[in-house]
Amino acid sequence: MTSTATWQTLFINVNIATMDDGSNSYGAINNGALAIADGKIAWIGEQSNLPAFDKSAVDVIDGQGKWITPGLIDCHTHIVYGSHRANEFEMRLQGASYEEIANSGGGIVSTVKATRAASAEELYVSAHKRLSALHNEGVTSLEIKSGYGLDLETEIKMLKVAKRLEENTPVTVRKTFLGAHAVPVEYKDNADAYINLVCEQMIPEIAKQNLADAVDVFCEGIGFSIEQTEAVFKAAKQYGLPVKVHAEQLSDLGGSELAAKYSALSSDHVEFLSEQGVKAMSAANMTAVLLPGAFYFLRETKLPPIELLRAHNVPMAIASDANPGSSPINSIQLMLNMACTLFRLTPSEALAGVTCHAAKALGIDGVVGRLEVGLDADIVLWDIEQPAQLCYQFGVNPLAALYKQGKKVK
Ligand code: DI6
Ligand code: FE
């Protein structure tokens with residue numbers, strides 16, 4: 001004898017991209033139904049198999065053949081920052097490279113100046129607009145990095161803005177400390193001393209205040225060396241914080257392999273990743289986070305090793321990298337399109353990149369990223385006939401409704 005289920009919300013007449021296996025079929029259920037109880041997915045399957053349920057308690061929504069996906073996840077953003085870098089955009093149009101601009105005192109350190117000067121309130125207001133743009137396109141979880149402070153006070157200011165965004169919006173925010181993003185002017189020509197500050201003062205204090213979920217490093221010729229990156233990883237581990245890395249974006253320093261030794265969550269960018277690096281990531285169960293917006297905006301030509309990542313079963317996440325210098329793009333739907341057009345991912349791989357694989361990159365894959373009984377009911381209802389439309393068209397938002405932990409928020 002089975003009891004009658006008590007649900008708050010029930011979708012019927014929907015097609016469901018469960019993304020439960022990240023394979024090429026979206027984990028699709030046609031003519032499906034999905035029930036929500038207490039903010040979690042309580043039942044999912046073909047509508048013809050629906051069990052008995054208490055009809056008096058439930059809000060039944062007829063999806064009229066629309067598609068449901070997990071709430072989208074943007075697993076790599078830098079949306080908290082002061083000012084903008086349109087001037088550098090113009091310089092690049094005149095022929096200067098991203099690296100030349102960085103080496104001549106522009107780039108990340110120019111945003112650092114503006115971010116130090118901005119009040120927490122100003123940072124909150126501008127970041128809220130960026131978060132809202134992503135949320136309007138279906139994002140229900142995202143990562144926000146610090147890294148435009150490069151001093152303890154401003155790094156904490158940024159992380160607290162990220163925390164406030166989570167408190168005031170229906171979006172899960174994962175906060176990442178990226179103190180090792182660039183060498184601040186006070187430490188010019190003394191990067192090792194700055195890394196000491198990151199390891200000995202910043203990480204302990206940020207861990208103490210519980211302001212970060214992970215620690216990231218920009219391991220690159222214009223960023224930090226392998227040795228410096230390793231020092232930061234060691235400090236992070238000492239405080240129980242998982243690590244991740246910006247690596248192999250402009251050159252191959254072996255940052256991903258190093259990250260694998262520290263069981264990193266992800267290595268991000270990875271255009272220059274070698275087969276050895278791919279193998280190391282695979283063995284360490286890491287995710288590769290692909291950032292087509294930065295590839296596009298910097299007019300890069302070296303493609304990430306997609307075939308190798310596929311061959312070695314490294315999950316590929318897709319993210320916006322929203323930031324003022326290399327990807328001033330606050331659109332996850334455009335990233336879905338670019339992952340396919342620029343990186344030749346299949347639409348199913350791209351969608352997995354902003355759902356199940358993005359959740360894994362953030363270490364929240366047991367909570368969100370798939371539609372499965374017991375996971376949070378973060379759900380988007382899309383006015384589309386097939387999931388590939390999410391990648392194919394850009395500029396008309398097909399979002400019909402959005403639920404965060406079972407509550408309708410759009
Ligand atoms: N890689 C990136 O793509 C961003 N940070 C990083 O380490 C760029 C940040 C910027 O140019 O402001
Ligand atoms: Fe980045």
# chains A, B, ... in the order shown; residues from 1 in each chain; ligands from 1
>>> residues_around(residues="Lys40 in chain A", least_positions_apart="6", cutoff="9 Å", atoms="only C-alpha atoms", output="PDB file with N, CA, C and O atoms, in the first residue's frame")
ATOM      1  N   VAL A 373      15.360  13.453  -8.268  1.00  0.00           N
ATOM      2  CA  VAL A 373      14.678  13.469  -6.965  1.00  0.00           C
ATOM      3  C   VAL A 373      15.681  13.754  -5.850  1.00  0.00           C
ATOM      4  O   VAL A 373      16.766  13.165  -5.815  1.00  0.00           O
ATOM      5  N   GLY A 374      15.332  14.701  -4.996  1.00  0.00           N
ATOM      6  CA  GLY A 374      16.183  15.032  -3.846  1.00  0.00           C
ATOM      7  C   GLY A 374      17.031  16.272  -4.056  1.00  0.00           C
ATOM      8  O   GLY A 374      17.498  16.872  -3.093  1.00  0.00           O
ATOM      9  N   LEU A 375      17.243  16.646  -5.321  1.00  0.00           N
ATOM     10  CA  LEU A 375      18.030  17.859  -5.571  1.00  0.00           C
ATOM     11  C   LEU A 375      17.144  19.101  -5.459  1.00  0.00           C
ATOM     12  O   LEU A 375      15.917  19.006  -5.525  1.00  0.00           O
ATOM     13  N   ASP A 376      17.770  20.264  -5.291  1.00  0.00           N
ATOM     14  CA  ASP A 376      17.015  21.515  -5.214  1.00  0.00           C
ATOM     15  C   ASP A 376      16.161  21.699  -6.478  1.00  0.00           C
ATOM     16  O   ASP A 376      16.637  21.428  -7.586  1.00  0.00           O
ATOM     17  N   ALA A 377      14.956  22.213  -6.274  1.00  0.00           N
ATOM     18  CA  ALA A 377      14.072  22.473  -7.416  1.00  0.00           C
ATOM     19  C   ALA A 377      14.409  23.836  -8.023  1.00  0.00           C
ATOM     20  O   ALA A 377      13.643  24.787  -7.943  1.00  0.00           O
ATOM     21  N   ASP A 378      15.599  23.922  -8.613  1.00  0.00           N
ATOM     22  CA  ASP A 378      16.008  25.090  -9.401  1.00  0.00           C
ATOM     23  C   ASP A 378      15.702  24.727 -10.846  1.00  0.00           C
ATOM     24  O   ASP A 378      16.371  23.859 -11.433  1.00  0.00           O
ATOM     25  N   GLN A 405      14.651  26.874  -5.720  1.00  0.00           N
ATOM     26  CA  GLN A 405      14.282  26.026  -4.591  1.00  0.00           C
ATOM     27  C   GLN A 405      12.763  25.915  -4.464  1.00  0.00           C
ATOM     28  O   GLN A 405      12.186  26.073  -3.388  1.00  0.00           O
ATOM     29  N   GLY A 406      12.145  25.684  -5.620  1.00  0.00           N
ATOM     30  CA  GLY A 406      10.699  25.431  -5.657  1.00  0.00           C
ATOM     31  C   GLY A 406       9.827  26.657  -5.684  1.00  0.00           C
ATOM     32  O   GLY A 406       8.613  26.557  -5.886  1.00  0.00           O
TER      33      GLY A 406
END
>>> select_by_dssp(residues="range 71-244 of chain A", states="strand (DSSP E or B)", output="list in words")
Leu72, Ile73, Asp74, Val139, Thr140, Ser141, Leu142, Glu143, Ile144, Lys145, Thr172, Val173, Arg174, Lys175, Thr176, Phe177, Leu178, Gly179, Ala180, Ala214, Val215, Asp216, Val217, Phe218, Cys219, Phe224, Val243 and Lys244 of chain A
>>> closest_atom_pairs(of="chain A", to="ligand 1", cutoff="6 Å", atoms="only C-alpha atoms and all ligand atoms", output="CSV")
residue,atom,partner,partner_atom_place_in_ligand_line,distance
A:Gly107,CA,ligand 1,11 (O),5.4
A:Ile108,CA,ligand 1,12 (O),4.3
A:His181,CA,ligand 1,7 (O),5.7
A:Phe218,CA,ligand 1,7 (O),4.7
A:His246,CA,ligand 1,7 (O),5.8
A:Ala294,CA,ligand 1,3 (O),5.9
A:Asn323,CA,ligand 1,12 (O),5.6
A:Pro324,CA,ligand 1,12 (O),5.1
A:Gly325,CA,ligand 1,11 (O),3.5
A:Ser326,CA,ligand 1,11 (O),4.8
>>> residues_near_ligand(ligand="ligand 2", cutoff="7 Å", atoms="only C-alpha atoms and all ligand atoms", output="list of chain:residue names")
A:His76, A:Thr77, A:His78, A:His246, A:Asp321
>>> write_last_selection(atoms="all heavy atoms", output="PDB file, in the first residue's frame")
ATOM      1  N   HIS A  76      32.045  30.659 -13.409  1.00  0.00           N
ATOM      2  CA  HIS A  76      33.286  31.461 -13.410  1.00  0.00           C
ATOM      3  C   HIS A  76      32.923  32.893 -13.803  1.00  0.00           C
ATOM      4  O   HIS A  76      32.685  33.179 -14.974  1.00  0.00           O
ATOM      5  CB  HIS A  76      34.280  30.837 -14.413  1.00  0.00           C
ATOM      6  CG  HIS A  76      35.594  31.547 -14.538  1.00  0.00           C
ATOM      7  ND1 HIS A  76      36.794  30.873 -14.696  1.00  0.00           N
ATOM      8  CD2 HIS A  76      35.930  32.868 -14.575  1.00  0.00           C
ATOM      9  CE1 HIS A  76      37.796  31.738 -14.811  1.00  0.00           C
ATOM     10  NE2 HIS A  76      37.285  32.961 -14.745  1.00  0.00           N
ATOM     11  N   THR A  77      32.838  33.775 -12.810  1.00  0.00           N
ATOM     12  CA  THR A  77      32.589  35.189 -13.116  1.00  0.00           C
ATOM     13  C   THR A  77      33.433  36.075 -12.206  1.00  0.00           C
ATOM     14  O   THR A  77      33.874  35.663 -11.131  1.00  0.00           O
ATOM     15  CB  THR A  77      31.113  35.632 -12.917  1.00  0.00           C
ATOM     16  OG1 THR A  77      30.898  36.020 -11.548  1.00  0.00           O
ATOM     17  CG2 THR A  77      30.111  34.567 -13.314  1.00  0.00           C
ATOM     18  N   HIS A  78      33.631  37.296 -12.686  1.00  0.00           N
ATOM     19  CA  HIS A  78      34.288  38.340 -11.892  1.00  0.00           C
ATOM     20  C   HIS A  78      33.358  39.561 -11.947  1.00  0.00           C
ATOM     21  O   HIS A  78      33.741  40.603 -12.467  1.00  0.00           O
ATOM     22  CB  HIS A  78      35.627  38.747 -12.500  1.00  0.00           C
ATOM     23  CG  HIS A  78      36.584  37.651 -12.885  1.00  0.00           C
ATOM     24  ND1 HIS A  78      37.814  37.509 -12.283  1.00  0.00           N
ATOM     25  CD2 HIS A  78      36.548  36.678 -13.834  1.00  0.00           C
ATOM     26  CE1 HIS A  78      38.494  36.505 -12.856  1.00  0.00           C
ATOM     27  NE2 HIS A  78      37.743  35.989 -13.791  1.00  0.00           N
ATOM     28  N   HIS A 246      43.166  29.534 -12.953  1.00  0.00           N
ATOM     29  CA  HIS A 246      43.117  30.085 -14.312  1.00  0.00           C
ATOM     30  C   HIS A 246      44.420  29.613 -14.963  1.00  0.00           C
ATOM     31  O   HIS A 246      45.499  30.061 -14.560  1.00  0.00           O
ATOM     32  CB  HIS A 246      43.190  31.606 -14.295  1.00  0.00           C
ATOM     33  CG  HIS A 246      41.917  32.335 -13.988  1.00  0.00           C
ATOM     34  ND1 HIS A 246      41.351  32.373 -12.739  1.00  0.00           N
ATOM     35  CD2 HIS A 246      41.125  33.096 -14.792  1.00  0.00           C
ATOM     36  CE1 HIS A 246      40.268  33.135 -12.796  1.00  0.00           C
ATOM     37  NE2 HIS A 246      40.105  33.583 -14.017  1.00  0.00           N
ATOM     38  N   ASP A 321      32.896  34.050 -17.637  1.00  0.00           N
ATOM     39  CA  ASP A 321      34.109  34.788 -17.252  1.00  0.00           C
ATOM     40  C   ASP A 321      33.818  36.296 -17.183  1.00  0.00           C
ATOM     41  O   ASP A 321      34.726  37.111 -17.370  1.00  0.00           O
ATOM     42  CB  ASP A 321      35.263  34.509 -18.233  1.00  0.00           C
ATOM     43  CG  ASP A 321      36.630  34.939 -17.701  1.00  0.00           C
ATOM     44  OD1 ASP A 321      36.765  35.155 -16.486  1.00  0.00           O
ATOM     45  OD2 ASP A 321      37.561  35.074 -18.518  1.00  0.00           O
TER      46      ASP A 321
END
>>> closest_residue(among="A:His128, A:Asn31, A:Gln393, A:Ile195", to="Lys66 in chain A", atoms="only C-alpha atoms")
A:Asn31
>>> residues_around(residues="Gln249 in chain A", least_positions_apart="3", cutoff="6 Å", atoms="only C-alpha atoms", output="ChimeraX atom specification")
/A:269-271
>>> closest_atom_pairs(of="range 237-321 of chain A", to="range 352-359 of chain A", cutoff="6 Å", atoms="only C-alpha atoms", output="tab-separated table")
residue	atom	partner	partner_atom	distance
A:Met316	CA	A:Gly353	CA	5.7
A:Ala317	CA	A:Gly353	CA	3.7
A:Ile318	CA	A:Gly353	CA	4.6
